[in-house]
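Undergrad: work.cif (mmCIF, C-alpha atoms and all ligand atoms) pasted underneath:
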data_entry
#
loop_
_atom_site.label_atom_id
_atom_site.label_comp_id
_atom_site.auth_asym_id
_atom_site.auth_seq_id
_atom_site.Cartn_x
_atom_site.Cartn_y
_atom_site.Cartn_z
CA MET A 83 121.22 377.61 155.09
CA ARG A 84 119.02 378.90 152.28
CA VAL A 85 120.49 378.08 148.86
CA LEU A 86 119.41 379.41 145.47
CA VAL A 87 119.76 376.57 142.95
CA THR A 88 119.74 378.01 139.44
CA GLY A 89 118.77 375.37 136.89
CA GLY A 90 117.12 373.57 139.81
CA ALA A 91 114.47 372.04 137.53
CA GLY A 92 117.15 370.37 135.43
CA PHE A 93 118.70 366.94 135.66
CA ILE A 94 121.48 367.66 138.15
CA GLY A 95 119.86 370.70 139.79
CA SER A 96 116.75 368.74 140.79
CA HIS A 97 118.92 366.16 142.58
CA ILE A 98 120.81 368.96 144.33
CA VAL A 99 117.47 370.34 145.56
CA ASP A 100 116.65 366.89 146.94
CA ALA A 101 120.06 366.50 148.60
CA LEU A 102 119.93 369.98 150.16
CA THR A 103 116.46 369.33 151.52
CA GLU A 104 117.54 365.98 152.94
CA ALA A 105 120.52 367.68 154.60
CA GLY A 106 118.17 370.10 156.35
CA HIS A 107 118.82 373.13 154.13
CA GLU A 108 116.25 375.21 152.30
CA ALA A 109 116.47 375.27 148.50
CA VAL A 110 115.02 377.98 146.27
CA VAL A 111 114.86 377.22 142.54
CA LEU A 112 115.32 379.62 139.65
CA ASP A 113 114.90 377.98 136.26
CA ALA A 114 113.91 379.30 132.83
CA LEU A 115 112.59 375.86 131.79
CA LEU A 116 114.45 376.02 128.49
CA PRO A 117 112.51 374.20 125.76
CA SER A 118 115.67 372.23 124.83
CA ALA A 119 115.62 370.74 128.33
CA HIS A 120 111.92 370.65 129.20
CA GLU A 121 109.81 369.96 126.13
CA GLY A 122 108.48 373.52 126.46
CA ARG A 123 106.29 372.60 129.42
CA GLY A 124 105.76 375.50 131.78
CA GLU A 125 106.00 373.45 134.93
CA LEU A 126 108.70 372.44 137.33
CA SER A 127 107.80 368.80 136.97
CA SER A 128 111.26 367.38 137.47
CA THR A 129 111.70 368.90 140.89
CA THR A 130 110.58 366.20 143.22
CA VAL A 131 110.38 368.23 146.40
CA PRO A 132 106.90 369.77 146.36
CA ASP A 133 107.33 372.54 148.93
CA VAL A 134 110.40 374.16 147.42
CA ARG A 135 110.02 377.79 146.33
CA CYS A 136 110.33 377.75 142.53
CA LEU A 137 110.70 380.79 140.32
CA VAL A 138 110.34 380.40 136.59
CA GLY A 139 112.72 382.97 135.18
CA ASP A 140 116.01 383.62 133.48
CA VAL A 141 119.36 384.22 135.17
CA ARG A 142 120.02 386.84 132.50
CA ASP A 143 117.25 389.02 133.92
CA PRO A 144 118.62 391.26 136.75
CA GLY A 145 115.20 391.84 138.29
CA THR A 146 114.42 388.14 138.47
CA VAL A 147 117.85 387.42 139.95
CA ALA A 148 117.41 390.13 142.61
CA ASP A 149 114.04 388.63 143.53
CA ALA A 150 115.43 385.10 143.67
CA LEU A 151 118.38 386.15 145.86
CA ARG A 152 116.23 387.60 148.63
CA GLY A 153 117.18 386.00 151.96
CA VAL A 154 119.63 383.61 150.32
CA ASP A 155 122.92 382.55 151.99
CA ALA A 156 124.61 380.80 149.06
CA VAL A 157 124.11 380.13 145.35
CA CYS A 158 124.51 376.83 143.55
CA HIS A 159 124.70 377.80 139.86
CA GLN A 160 123.62 374.92 137.61
CA ALA A 161 121.68 376.84 134.95
CA ALA A 162 123.32 376.50 131.56
CA MET A 163 122.79 375.38 128.02
CA VAL A 164 124.47 371.99 127.91
CA GLY A 165 125.82 369.61 125.28
CA LEU A 166 127.60 370.19 122.00
CA GLY A 167 124.67 371.86 120.27
CA LYS A 168 123.97 371.55 116.56
CA ASP A 169 126.68 373.66 114.98
CA PHE A 170 128.42 376.98 115.43
CA SER A 171 125.17 378.88 114.90
CA ASP A 172 124.36 377.89 118.51
CA ALA A 173 127.35 379.88 119.83
CA PRO A 174 125.52 383.15 120.61
CA ALA A 175 122.85 381.30 122.60
CA TYR A 176 125.45 379.32 124.59
CA VAL A 177 127.49 382.43 125.39
CA SER A 178 124.37 384.37 126.31
CA CYS A 179 122.91 381.75 128.65
CA ASN A 180 126.11 380.52 130.20
CA ASP A 181 128.38 383.55 130.38
CA HIS A 182 126.15 386.60 130.21
CA GLY A 183 123.78 384.74 132.56
CA THR A 184 126.61 384.05 135.01
CA ALA A 185 127.72 387.69 134.91
CA VAL A 186 124.19 388.92 135.68
CA LEU A 187 123.87 386.40 138.52
CA LEU A 188 127.23 387.35 140.04
CA SER A 189 126.55 391.05 139.83
CA GLY A 190 123.19 390.43 141.53
CA MET A 191 125.01 388.46 144.24
CA GLU A 192 127.42 391.33 144.81
CA ALA A 193 124.54 393.78 145.13
CA ALA A 194 122.68 391.46 147.51
CA GLY A 195 125.77 390.71 149.60
CA VAL A 196 125.62 386.95 148.86
CA ARG A 197 129.24 385.79 149.04
CA SER A 198 129.17 382.02 148.61
CA LEU A 199 129.02 380.34 145.20
CA VAL A 200 129.23 376.80 143.92
CA LEU A 201 129.43 376.59 140.15
CA ALA A 202 128.64 373.61 137.94
CA GLY A 203 131.96 373.31 136.12
CA SER A 204 132.91 370.67 133.63
CA MET A 205 135.83 368.47 132.70
CA VAL A 206 135.42 369.80 129.15
CA VAL A 207 137.63 372.74 130.16
CA TYR A 208 140.67 370.44 129.90
CA GLY A 209 140.19 369.46 126.26
CA GLU A 210 142.10 366.22 125.74
CA GLY A 211 143.09 364.34 128.88
CA ARG A 212 146.58 363.62 130.19
CA TYR A 213 148.92 361.66 127.92
CA VAL A 214 152.39 360.29 128.44
CA CYS A 215 154.85 359.37 125.67
CA ASP A 216 157.57 356.86 126.60
CA GLU A 217 160.12 359.15 124.98
CA HIS A 218 158.77 362.62 125.71
CA ALA A 219 157.04 362.17 129.07
CA GLU A 220 153.85 364.26 129.43
CA VAL A 221 152.66 365.75 126.13
CA ARG A 222 149.59 367.65 124.96
CA PRO A 223 148.14 366.43 121.67
CA GLY A 224 146.21 369.00 119.63
CA PRO A 225 142.78 368.47 118.04
CA ARG A 226 142.62 365.32 115.93
CA ALA A 227 142.75 365.79 112.15
CA VAL A 228 139.58 364.89 110.23
CA SER A 229 141.69 362.83 107.80
CA GLU A 230 142.98 360.73 110.71
CA LEU A 231 139.49 360.21 112.11
CA ARG A 232 138.14 359.27 108.66
CA ALA A 233 140.92 356.71 108.39
CA GLY A 234 139.83 355.20 111.70
CA ARG A 235 142.95 356.40 113.51
CA PHE A 236 141.32 357.69 116.66
CA GLU A 237 144.21 357.71 119.15
CA PRO A 238 146.04 361.05 119.17
CA PRO A 239 149.77 360.40 118.59
CA CYS A 240 152.66 362.08 120.40
CA PRO A 241 152.94 365.58 118.87
CA GLU A 242 156.76 365.28 119.07
CA CYS A 243 157.50 361.83 117.66
CA GLY A 244 154.19 360.35 116.54
CA ALA A 245 154.47 357.40 118.93
CA ALA A 246 151.47 355.88 120.71
CA LEU A 247 150.52 357.57 124.00
CA ARG A 248 149.32 356.28 127.34
CA PRO A 249 146.25 358.12 128.74
CA GLY A 250 146.25 359.15 132.41
CA LEU A 251 144.29 361.11 134.98
CA VAL A 252 144.02 364.90 134.76
CA GLY A 253 144.55 366.99 137.88
CA GLU A 254 142.96 370.39 138.49
CA ASP A 255 146.24 372.18 137.76
CA ALA A 256 146.40 370.83 134.20
CA PRO A 257 146.26 373.56 131.57
CA THR A 258 142.81 374.32 130.25
CA ASP A 259 142.15 373.86 126.55
CA PRO A 260 138.43 374.12 125.69
CA ARG A 261 137.74 372.59 122.27
CA ASN A 262 134.21 373.76 121.46
CA THR A 263 131.74 376.54 122.20
CA TYR A 264 130.17 374.85 125.21
CA ALA A 265 133.57 374.10 126.74
CA THR A 266 134.64 377.70 126.17
CA THR A 267 131.56 379.01 127.97
CA LYS A 268 132.16 376.64 130.91
CA LEU A 269 135.72 377.92 131.29
CA ALA A 270 134.58 381.54 131.02
CA GLN A 271 132.08 380.87 133.82
CA GLU A 272 134.99 379.88 136.07
CA HIS A 273 136.97 382.99 135.20
CA LEU A 274 133.92 385.14 135.93
CA ALA A 275 133.40 383.36 139.27
CA ALA A 276 137.05 383.95 140.21
CA ALA A 277 136.84 387.61 139.20
CA TRP A 278 133.65 388.01 141.24
CA ALA A 279 135.23 386.31 144.29
CA ARG A 280 138.16 388.72 144.19
CA ALA A 281 136.06 391.83 143.58
CA ALA A 282 133.23 391.03 145.98
CA GLY A 283 135.23 389.28 148.72
CA GLY A 284 133.36 386.09 147.98
CA ARG A 285 134.27 382.42 147.94
CA ALA A 286 133.64 380.29 144.90
CA VAL A 287 134.12 376.65 144.05
CA SER A 288 133.77 375.16 140.60
CA LEU A 289 132.94 371.47 140.57
CA ARG A 290 134.22 370.09 137.28
CA TYR A 291 131.77 367.26 136.73
CA HIS A 292 132.62 364.30 134.59
CA ASN A 293 129.97 362.44 132.61
CA VAL A 294 126.98 362.58 134.92
CA TYR A 295 124.27 359.94 134.59
CA GLY A 296 121.30 358.74 136.59
CA PRO A 297 117.53 359.07 137.04
CA ARG A 298 115.81 362.09 135.41
CA MET A 299 118.49 362.42 132.78
CA PRO A 300 116.84 364.02 129.73
CA ARG A 301 116.14 361.54 126.93
CA ASP A 302 116.15 361.84 123.14
CA THR A 303 118.08 365.08 122.99
CA PRO A 304 121.35 366.03 121.29
CA TYR A 305 122.05 368.22 124.30
CA ALA A 306 122.42 365.40 126.84
CA GLY A 307 125.36 363.11 127.41
CA VAL A 308 126.24 359.81 125.81
CA ALA A 309 124.67 357.75 128.59
CA SER A 310 121.33 359.33 127.65
CA PHE A 311 121.78 358.51 123.95
CA PHE A 312 122.39 354.85 124.74
CA ARG A 313 119.61 354.61 127.28
CA SER A 314 117.14 356.33 124.91
CA ALA A 315 118.09 353.95 122.09
CA LEU A 316 117.52 350.92 124.31
CA ALA A 317 114.14 352.29 125.37
CA ARG A 318 113.19 352.48 121.66
CA GLY A 319 114.27 348.86 121.23
CA GLU A 320 117.34 349.91 119.22
CA ALA A 321 121.01 349.06 119.67
CA PRO A 322 123.14 351.79 121.21
CA THR A 323 125.42 353.16 118.47
CA VAL A 324 128.96 353.66 119.70
CA TYR A 325 131.17 356.18 117.84
CA GLU A 326 134.83 355.73 116.93
CA ASP A 327 135.96 352.27 118.05
CA GLY A 328 134.34 352.45 121.47
CA ALA A 329 137.67 352.65 123.30
CA GLN A 330 137.30 356.32 124.30
CA ARG A 331 137.82 356.59 128.05
CA ARG A 332 135.51 358.60 130.29
CA ASP A 333 134.56 358.78 133.94
CA PHE A 334 130.85 358.21 134.58
CA VAL A 335 129.70 359.68 137.87
CA HIS A 336 126.26 359.11 139.36
CA VAL A 337 124.02 362.15 139.81
CA HIS A 338 123.48 361.32 143.50
CA ASP A 339 127.23 361.58 144.04
CA VAL A 340 127.31 364.88 142.14
CA ALA A 341 124.50 366.25 144.31
CA ALA A 342 126.44 365.22 147.43
CA ALA A 343 129.54 366.98 146.09
CA ASN A 344 127.48 370.16 145.74
CA VAL A 345 126.25 369.93 149.33
CA ALA A 346 129.85 369.45 150.54
CA ALA A 347 131.11 372.36 148.44
CA LEU A 348 128.30 374.64 149.62
CA ALA A 349 129.34 373.89 153.20
CA ALA A 350 132.95 374.74 152.31
CA VAL A 351 132.22 378.07 150.60
CA SER A 352 129.80 379.19 153.29
CA GLY A 353 132.11 378.14 156.12
CA THR A 354 129.57 375.77 157.64
CA GLU A 355 131.37 372.51 156.99
CA THR A 356 131.98 370.01 159.70
CA ASP A 357 135.38 368.34 159.94
CA THR A 358 135.26 365.59 157.36
CA GLY A 359 139.01 365.16 156.97
CA THR A 360 139.35 361.90 158.86
CA GLY A 361 137.34 359.80 156.45
CA THR A 362 139.62 360.54 153.52
CA GLY A 363 142.97 360.44 155.22
CA THR A 364 144.58 357.89 152.91
CA ASP A 365 144.89 360.30 150.03
CA THR A 366 148.32 361.21 148.81
CA GLY A 367 147.17 362.56 145.47
CA ALA A 368 149.32 364.82 143.35
CA GLY A 369 148.47 368.45 142.75
CA ALA A 370 148.75 371.22 145.28
CA GLY A 371 145.36 371.93 146.77
CA THR A 372 144.26 375.51 146.51
CA GLY A 373 141.60 375.07 149.14
CA VAL A 374 138.83 377.53 149.71
CA GLY A 375 140.45 380.11 151.92
CA GLU A 376 139.20 383.19 153.60
CA PRO A 377 138.66 385.94 151.05
CA GLY A 378 141.55 388.34 150.90
CA GLU A 379 143.83 386.33 153.18
CA GLY A 380 147.49 386.70 152.29
CA GLY A 381 146.96 389.19 149.44
CA GLY A 382 147.66 387.56 146.07
CA ALA A 383 147.64 384.05 147.46
CA GLY A 384 144.40 384.78 149.24
CA SER A 385 142.84 385.87 145.97
CA ALA A 386 143.65 382.47 144.51
CA ALA A 387 142.15 380.77 147.54
CA ALA A 388 138.88 382.63 147.05
CA PHE A 389 138.32 380.43 144.00
CA ALA A 390 139.05 376.72 143.76
CA ALA A 391 138.23 374.05 141.21
CA TYR A 392 137.63 370.38 141.96
CA ASN A 393 137.22 367.42 139.65
CA VAL A 394 134.07 365.46 140.41
CA GLY A 395 134.31 361.98 139.01
CA SER A 396 134.07 358.38 140.13
CA ASP A 397 137.83 357.76 139.86
CA GLU A 398 136.82 354.57 137.99
CA PRO A 399 137.47 355.21 134.28
CA HIS A 400 135.66 353.11 131.67
CA THR A 401 135.41 353.15 127.91
CA ILE A 402 132.30 354.31 126.10
CA GLY A 403 132.04 350.80 124.66
CA GLU A 404 132.04 349.28 128.15
CA MET A 405 129.33 351.69 129.23
CA ALA A 406 127.13 350.82 126.24
CA ALA A 407 127.63 347.10 126.90
CA ALA A 408 126.85 347.42 130.62
CA LEU A 409 123.65 349.35 129.90
CA ALA A 410 122.54 346.99 127.13
CA GLU A 411 123.13 343.96 129.32
CA ALA A 412 121.28 345.43 132.29
CA TYR A 413 118.41 346.54 130.02
CA GLY A 414 118.22 343.16 128.32
CA GLY A 415 119.64 344.07 124.89
CA PRO A 416 120.08 344.74 122.02
CA ASP A 417 123.89 344.69 122.00
CA PRO A 418 125.71 347.91 121.08
CA VAL A 419 126.95 348.52 117.53
CA VAL A 420 130.33 350.19 117.05
CA THR A 421 130.02 352.42 113.97
CA GLY A 422 133.38 354.16 113.51
CA GLU A 423 131.53 357.46 113.06
CA PHE A 424 132.93 360.46 114.90
CA ARG A 425 131.98 363.97 116.00
CA LEU A 426 134.32 366.87 115.46
CA GLY A 427 135.21 368.48 118.78
CA ASP A 428 135.00 365.21 120.72
CA VAL A 429 138.12 364.34 122.65
CA ARG A 430 139.54 360.84 122.74
CA HIS A 431 140.18 360.23 126.43
CA ILE A 432 139.35 362.41 129.38
CA THR A 433 139.50 361.02 132.86
CA ALA A 434 140.46 363.00 135.90
CA SER A 435 141.55 362.44 139.44
CA SER A 436 139.02 363.53 142.05
CA ARG A 437 141.46 363.20 144.95
CA ARG A 438 141.57 366.91 145.67
CA ALA A 439 137.82 366.89 146.37
CA ALA A 440 138.32 363.95 148.72
CA ARG A 441 141.12 365.69 150.53
CA GLU A 442 139.67 369.17 150.79
CA LEU A 443 135.90 368.77 150.60
CA GLY A 444 135.70 365.35 152.27
CA TRP A 445 133.72 364.07 149.28
CA ARG A 446 134.16 361.01 147.16
CA ALA A 447 131.83 359.08 144.87
CA GLN A 448 129.95 356.24 146.55
CA ILE A 449 128.13 354.61 143.63
CA GLY A 450 130.26 352.25 141.54
CA PHE A 451 130.01 351.74 137.76
CA ALA A 452 128.33 348.33 137.78
CA GLU A 453 125.75 349.28 140.41
CA GLY A 454 125.03 352.69 138.87
CA MET A 455 124.63 351.43 135.29
CA LYS A 456 122.36 348.64 136.43
CA GLU A 457 120.08 351.14 138.13
CA PHE A 458 120.25 353.60 135.22
CA ALA A 459 119.24 350.93 132.70
CA THR A 460 115.71 351.00 134.08
CA ALA A 461 115.66 354.42 135.76
CA GLN A 462 113.07 357.00 134.84
CA MET A 463 114.25 359.57 132.32
CA ARG A 464 112.93 363.05 131.65
CA ALA A 465 111.22 364.16 128.46
CA SER A 466 112.93 366.92 126.53
CA SER A 467 112.11 368.55 123.23
CA GLY A 468 114.48 366.29 121.30
CA ARG A 469 115.10 369.31 119.11
N1 LIG A 501 125.13 366.43 132.65
C1 LIG A 501 126.47 366.36 132.66
O1 LIG A 501 127.06 365.31 132.41
C2 LIG A 501 127.28 367.59 133.00
C3 LIG A 501 128.68 367.49 132.97
C4 LIG A 501 129.44 368.61 133.28
C5 LIG A 501 128.81 369.79 133.65
N2 LIG A 501 127.46 369.88 133.65
C6 LIG A 501 126.86 371.16 134.06
O2 LIG A 501 125.86 370.90 135.05
C7 LIG A 501 124.84 371.89 134.98
C8 LIG A 501 123.48 371.22 134.94
O3 LIG A 501 123.40 370.42 133.77
P1 LIG A 501 122.25 369.34 133.53
O4 LIG A 501 122.89 368.16 132.90
O5 LIG A 501 121.44 369.18 134.75
O6 LIG A 501 121.40 370.07 132.38
P2 LIG A 501 119.82 370.36 132.29
O7 LIG A 501 119.57 370.94 130.94
O8 LIG A 501 119.02 369.18 132.70
O9 LIG A 501 119.63 371.49 133.39
C9 LIG A 501 119.97 372.84 133.16
C10 LIG A 501 118.80 373.67 133.66
O10 LIG A 501 119.16 375.05 133.53
C11 LIG A 501 118.03 375.75 133.06
N3 LIG A 501 118.55 376.96 132.40
C12 LIG A 501 119.34 377.02 131.30
N4 LIG A 501 119.59 378.31 130.99
C13 LIG A 501 118.96 379.07 131.92
C14 LIG A 501 118.86 380.46 132.15
N5 LIG A 501 119.44 381.34 131.30
N6 LIG A 501 118.14 380.90 133.21
C15 LIG A 501 117.56 380.01 134.06
N7 LIG A 501 117.60 378.67 133.88
C16 LIG A 501 118.30 378.21 132.83
C17 LIG A 501 117.34 374.79 132.11
O11 LIG A 501 115.97 375.10 131.93
C18 LIG A 501 117.53 373.46 132.83
O12 LIG A 501 116.46 373.18 133.70
C19 LIG A 501 125.15 372.74 133.75
O13 LIG A 501 125.80 373.92 134.18
C20 LIG A 501 126.12 371.88 132.95
O14 LIG A 501 127.00 372.67 132.18
C21 LIG A 501 126.67 368.80 133.33
ZN ZN A 502 156.95 361.25 121.83
#
Before we go any further, please render this structure as structure tokens.
Ligand SMILES: NC(=O)c1ccc[n+]([C@@H]2O[C@H](COP(=O)([O-])OP(=O)(O)OC[C@H]3O[C@@H](n4cnc5c(N)ncnc54)[C@H](O)[C@@H]3O)[C@@H](O)[C@H]2O)c1
Ligand SMILES: [Zn+2]
TA:
Amino acid sequence: MRVLVTGGAGFIGSHIVDALTEAGHEAVVLDALLPSAHEGRGELSSTTVPDVRCLVGDVRDPGTVADALRGVDAVCHQAAMVGLGKDFSDAPAYVSCNDHGTAVLLSGMEAAGVRSLVLAGSMVVYGEGRYVCDEHAEVRPGPRAVSELRAGRFEPPCPECGAALRPGLVGEDAPTDPRNTYATTKLAQEHLAAAWARAAGGRAVSLRYHNVYGPRMPRDTPYAGVASFFRSALARGEAPTVYEDGAQRRDFVHVHDVAAANVAALAAVSGTETDTGTGTGTDTGAGAGTGVGEPGEGGGAGSAAAFAAYNVGSDEPHTIGEMAAALAEAYGGPDPVVTGEFRLGDVRHITASSRRAARELGWRAQIGFAEGMKEFATAQMRASSGR
């Protein structure tokens, strides 16, 4: 199958190109080489496969998209502005790249008759993770008050009784609650993909990635994830600085596993998957699977099946403090420093269950935390503008 990988020169996209090529597919790259991600260099240096067709261009440009879609069977849409950005002045750029860009791409796909889409989703659409109060069962804490954070009270309390909460794993059916501009644009991308699937008779899957890390992660940039901050600090000979008290829980998933999830999802949306069900038969996970059904099957229900979301994580939650310590140890120091600083818009705990992806896509993460962090501590990173 020939797959257009938008953002294919980026961190995750370049690994997807590799994985597709290894699986015998043909990848075509469309990437604008955003200066925030590529140090302004006009080259596709991070794509390791030399004979891949690469177009330097923007998904917001209909002519470029039409050109890129020629002869393509499926699209793997990774292109986006990532990270929290500087402040709200970044909002127009995020919405333009991520949502307007997705709309132009989808309308180009409709015109070209390309009906299979895999979207890079994100766990940020959930906002805070799942919490249980002993008294009030499952509750949804709102954004944390600045006064609480300043006082070093980082755990969100039960919104009903103020008691301490137990964090748990979020399923795909949890309500969405994006807490910042980037998260809002990632959720809007999913709604656009679902609308396109219904209107164009297409099939779309959003893979809601957790914190992705691994080789070629951009370094020294406010737009990358926390693993990059820590790794960049270590490379400068500095201690990783851990915000809050370091007990924030996340799920760190290796980029090779994320690339494999994309290959599995592309097979599902394009109807070319082989039967992978037997390898994951022990799953009894909660949450009704929506599956990726035939477009239009069963009327309303079929419309829902034309779009499905899957969490893509390691199912091995760790705290940010543990991650900093594991990286520092594998790198050979210095030890992390916990600062008590905080960022508005950050959530306290977000860890999700990836059992639906195991059950329905036949995918699960293969690279464990200890092994992955050890490799990442010395892995090659990618230069970015560090803007
Ligand atoms: N890295 C993570 O932990 C993580 C987690 C959840 C979701 N995601 C999603 O995964 C996808 C890839 O992220 P990444 O970490 O590889 O980021 P990245 O910045 O390394 O890659 C994104 C690529 O998209 C390109 N791009 C951006 N806007 C474009 C446009 N308008 N037209 C064409 N190309 C454009 C950039 O030049 C870059 O090469 C994004 O959609 C992101 O939202 C990433
Ligand atoms: Zn309570």
Undergrad: Taking all atoms listed in the file into account, which of A:Arg235, A:Arg441, A:His107, A:Arg248 comes nearest ligand ZN 502 (chain A)?
TA: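 Answer, going by the shortest atom-to-atom distance: A:Arg248.
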Undergrad: Check which residues fall inside 7 Å of ligand LIG 501 (chain A) when counting all atoms listed in the file, and print them as an MDAnalysis selection string.
TA: chainID A and resid 88:95 112:116 119:120 139:142 159:164 179:180 183 202:205 268 290:295 299:300 306:307
Undergrad: For A:Leu348, which residue out of A:Val110, A:Ala461, A:Ala286, A:Ala309 is the nearest one, using all atoms listed in the file?
TA: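 Of all the options, A:Ala286 lies closest to A:Leu348.
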Undergrad: Could you make a table, as JSON lines, of the residues of chain A that have an atom within 9 Å of an atom of ligand ZN 502 (chain A), each with its nearest atom pair and distance in Å to one decimal, counting all atoms listed in the file, in chain and number order?
TA:
{"residue": "A:Val214", "atom": "CA", "partner": "A:ZN502", "partner_atom": "ZN", "distance": 8.1}
{"residue": "A:Cys215", "atom": "CA", "partner": "A:ZN502", "partner_atom": "ZN", "distance": 4.8}
{"residue": "A:Asp216", "atom": "CA", "partner": "A:ZN502", "partner_atom": "ZN", "distance": 6.5}
{"residue": "A:Glu217", "atom": "CA", "partner": "A:ZN502", "partner_atom": "ZN", "distance": 4.9}
{"residue": "A:His218", "atom": "CA", "partner": "A:ZN502", "partner_atom": "ZN", "distance": 4.5}
{"residue": "A:Ala219", "atom": "CA", "partner": "A:ZN502", "partner_atom": "ZN", "distance": 7.3}
{"residue": "A:Glu220", "atom": "CA", "partner": "A:ZN502", "partner_atom": "ZN", "distance": 8.7}
{"residue": "A:Val221", "atom": "CA", "partner": "A:ZN502", "partner_atom": "ZN", "distance": 7.6}
{"residue": "A:Pro239", "atom": "CA", "partner": "A:ZN502", "partner_atom": "ZN", "distance": 7.9}
{"residue": "A:Cys240", "atom": "CA", "partner": "A:ZN502", "partner_atom": "ZN", "distance": 4.6}
{"residue": "A:Pro241", "atom": "CA", "partner": "A:ZN502", "partner_atom": "ZN", "distance": 6.6}
{"residue": "A:Glu242", "atom": "CA", "partner": "A:ZN502", "partner_atom": "ZN", "distance": 4.9}
{"residue": "A:Cys243", "atom": "CA", "partner": "A:ZN502", "partner_atom": "ZN", "distance": 4.2}
{"residue": "A:Gly244", "atom": "CA", "partner": "A:ZN502", "partner_atom": "ZN", "distance": 6.0}
{"residue": "A:Ala245", "atom": "CA", "partner": "A:ZN502", "partner_atom": "ZN", "distance": 5.4}
{"residue": "A:Ala246", "atom": "CA", "partner": "A:ZN502", "partner_atom": "ZN", "distance": 7.8}
{"residue": "A:Leu247", "atom": "CA", "partner": "A:ZN502", "partner_atom": "ZN", "distance": 7.7}
Undergrad: Hey, which of A:Glu272, A:Glu423, A:Asp133, A:Glu320 ends up closest to A:Val99? Count all atoms listed in the file.
TA: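 The answer is A:Asp133, which sits nearest to A:Val99.
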Undergrad: If you measure from atom CA of A:Val394 to atom CA of A:Lys456, what distance in Å do you get, rounded to one decimal?
TA: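 Computing it gives 20.9 Å between the two atoms.
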Undergrad: Which polymer residues, whether protein, DNA or RNA, lie within 9 Å of the coordinate (121.5, 350.4, 117.3) when you count all atoms listed in the file? List them as a VMD selection string, using the chain letters and numbers from the file.
TA: chain A and resid 312 315 to 316 319 to 324 416 to 420
